[in-house]
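Asks: I have a structure here, written as structure tokens, and I will follow up with some questions on it.
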Amino acid sequence: MAGALRREGPASTWPLVASNAEELEARLAAGGHLLPLPKEPAALANVIEVDIVDFLLARLQLLPDAEYQRGSERGYPDLEVGGRAFGGAWHAIDVKVAQRARRSAAARPGTTERTQSRITLYTGNTYFRHPTLHWPGTFRPFDDYRSHADVIVIYTLTDSASRVADLEVIIQEPWRVGSSKRSSTTREYIGAVDGLDDLRAGRGEFATAEDFYRFWRRFPFRTSPGVQRIYERLVAEQRAELETLRAAHPTDRAERA
Ligand SMILES: [Ca+2]
């Protein structure tokens, strides 16, 4: 991902011939065809995330007996994988892109490198809070995943067209890098620890996954009327489904009674 393409450059020369990727980039830059990617962190993160999921999908295509699908823009997860290649169960993979904290001066020894802002692990008041419900924007209830993995991508913001330098990829289970702080003061987001060494080592604030889930499922997140309505609908649907199942298997109920 080298930049955004402008079809007519101020210094275009035609035909434009290149024999490899580096040459293509140099020619496009010389012709003024390359515009920088957005600098705004959420917009840039989105471009990088889409590119990384594309890369993972291309690799998954080569894997026999793998099933996979890309998640929706605002849903969870970004990608799910399953099939025999993954032991038959579904696994959630979410991509998080974060900028290295900017510095005004060179790093002093002993200073902790951080992300510019806290990575968001999950939205706290919907699919995460109610893990047995099939929430909109998700493929299945949260608890139906055998595992959750985050692909965390750290970059340094530059003035180049690609905007990105020193890309570092860290893979962690979300709870392992969980913090007890939110990643936004206005949205219902669960935040990760922000020290790069802690992210690399999986050194979050919780000793176990259970501790992480217990803390954040009790967290007094705000619930908007819209979210409350969806919750009530999903609970009603779940109840109706249960009753249909019971009606279809009356013996189960008799045995239990
Ligand atoms: Ca994501």
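Chain labels follow the order of the structure tokens: the first chain is A, the next B, and so on; residue numbering restarts at 1 in every chain, and ligands are counted from 1 in their shown order.
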Hey, what's within 12 Å of A:His134 if we count only C-alpha atoms and toss same-chain stuff fewer than 2 positions away? As number ranges by chain, please?

Replies: A: 75-76, 126-132, 136-145, 230-231, 233-238

Asks: Could you report the residues within 7 Å of ligand 1, using only C-alpha atoms and all ligand atoms, as number ranges by chain?

Replies: A: 49, 78, 94-96

Asks: For C-alpha atoms, I'd like the residues from the last selection saved as a PDB file, in the first residue's frame.

Replies:
ATOM      1  CA  GLU A  49      -6.833  -3.233   8.157  1.00  0.00           C
ATOM      2  CA  ASP A  78     -12.824  -8.744  11.055  1.00  0.00           C
ATOM      3  CA  ASP A  94      -9.600  -9.138  14.691  1.00  0.00           C
ATOM      4  CA  VAL A  95      -7.076  -6.717  13.233  1.00  0.00           C
ATOM      5  CA  LYS A  96      -6.067  -3.655  15.278  1.00  0.00           C
TER       6      LYS A  96
END

Asks: So that I can check the surroundings of A:Arg7, please list as a list in words every protein, DNA and RNA residue that reaches within 12 Å of it, counting only C-alpha atoms and ignoring chain neighbours fewer than 4 positions away.

Replies: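 After dropping sequence-adjacent residues, the list is Ala11, Ser12, Thr13, Trp14, Leu16, Leu28, Ala29, Gly31, Gly32, His33, Leu34 and Leu35 of chain A.
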
Asks: Just checking: using only C-alpha atoms, which residue out of A:Trp175, A:Phe55, A:Phe221, A:Phe86 ends up closest to A:Phe206?

Replies: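 For A:Phe206, the nearest of the given residues is A:Trp175.
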
Asks: Looking only at alpha helix (DSSP H) from DSSP on the backbone, list the matching residues of stretch 8-126 of chain A as a ChimeraX atom specification.

Replies: /A:21-30,41-61

Asks: Residues within 12 Å of stretch 182-193 of chain A, please, as an MDAnalysis selection string. Count only C-alpha atoms; anything in the same chain fewer than 6 positions from it doesn't count.

Replies: chainID A and resid 96 98 113:129 150 152 172:176 199:206 212:213 215:217 219:224 227

Asks: Can you work out the spacing between atom CA of A:Arg229 and atom CA of A:Glu241 in Å, to one decimal?

Replies: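 That distance, rounded to one decimal, is 18.4 Å.
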
Asks: Of the candidates A:Thr111, A:Thr244, A:Gln99, A:Gln69, which one gets nearest to A:Thr158 if we count only C-alpha atoms?

Replies: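 Among the listed residues, the smallest separation from A:Thr158 belongs to A:Gln99.
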
Asks: Quick one: everything within 10 Å of A:Trp90, counting only C-alpha atoms, minus sequence neighbours fewer than 6 positions away in the same chain. Send it as a VMD selection string.

Replies: chain A and resid 67 to 68 80 to 84 140 144 to 148

Asks: Just asking: which residues within stretch 11-252 of chain A are strand (DSSP E) according to DSSP, as an MDAnalysis selection string?

Replies: chainID A and resid 34:35 67:70 79:82 90:99 120:123 145:157 164:172 178:182 189:192

Asks: Those same residues - C-alpha atoms - I'd like them written as a tab-separated table (two decimals), in the first residue's frame.

Replies:
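The resulting file, part.tsv, is shown below:
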chain	number	residue	atom	x	y	z
A	34	LEU	CA	0.79	9.11	-5.90
A	35	LEU	CA	-1.19	10.94	-3.25
A	67	GLU	CA	-13.39	-22.07	5.80
A	68	TYR	CA	-13.35	-18.32	6.35
A	69	GLN	CA	-15.30	-15.14	5.88
A	70	ARG	CA	-14.63	-11.43	6.20
A	79	LEU	CA	-12.32	-12.32	9.93
A	80	GLU	CA	-13.47	-15.73	11.11
A	81	VAL	CA	-11.76	-19.00	10.26
A	82	GLY	CA	-12.93	-22.56	10.69
A	90	TRP	CA	-14.76	-21.30	14.52
A	91	HIS	CA	-12.06	-18.83	15.59
A	92	ALA	CA	-12.34	-15.04	15.61
A	93	ILE	CA	-9.51	-12.90	14.25
A	94	ASP	CA	-9.60	-9.14	14.69
A	95	VAL	CA	-7.08	-6.72	13.23
A	96	LYS	CA	-6.07	-3.66	15.28
A	97	VAL	CA	-3.88	-0.95	13.82
A	98	ALA	CA	-2.20	1.52	16.15
A	99	GLN	CA	0.26	4.36	15.75
A	120	THR	CA	-9.85	-1.08	21.39
A	121	LEU	CA	-10.24	-4.79	22.15
A	122	TYR	CA	-14.03	-5.06	22.01
A	123	THR	CA	-17.19	-2.99	22.10
A	145	TYR	CA	-15.82	-19.02	19.01
A	146	ARG	CA	-13.32	-21.49	20.34
A	147	SER	CA	-10.68	-18.78	20.40
A	148	HIS	CA	-10.16	-15.08	19.78
A	149	ALA	CA	-6.92	-13.70	18.35
A	150	ASP	CA	-5.88	-10.12	17.67
A	151	VAL	CA	-3.48	-9.20	14.89
A	152	ILE	CA	-2.03	-5.97	16.29
A	153	VAL	CA	-0.20	-3.81	13.78
A	154	ILE	CA	1.97	-0.97	15.10
A	155	TYR	CA	3.37	1.70	12.80
A	156	THR	CA	5.21	5.00	12.90
A	157	LEU	CA	3.42	7.83	11.10
A	164	VAL	CA	3.65	4.12	7.44
A	165	ALA	CA	7.12	3.04	8.56
A	166	ASP	CA	8.50	0.35	10.90
A	167	LEU	CA	5.48	-1.91	10.71
A	168	GLU	CA	5.43	-4.39	13.58
A	169	VAL	CA	2.92	-7.23	13.90
A	170	ILE	CA	1.98	-8.68	17.29
A	171	ILE	CA	-0.44	-11.60	17.70
A	172	GLN	CA	-2.17	-11.94	21.07
A	178	GLY	CA	-6.43	-6.29	28.36
A	179	SER	CA	-6.36	-3.21	30.57
A	180	SER	CA	-8.95	-2.02	33.06
A	181	LYS	CA	-9.31	1.25	31.15
A	182	ARG	CA	-11.65	2.17	28.36
A	189	TYR	CA	-14.88	0.44	24.21
A	190	ILE	CA	-12.64	-1.94	26.17
A	191	GLY	CA	-9.02	-0.78	26.04
A	192	ALA	CA	-5.72	-2.67	25.77

Asks: Give the answer as one residue: which of A:Asp197, A:Asp159, A:Glu73, A:Glu243 has the shortest atom-to-atom distance to A:Asn46, using only C-alpha atoms?

Replies: A:Glu73
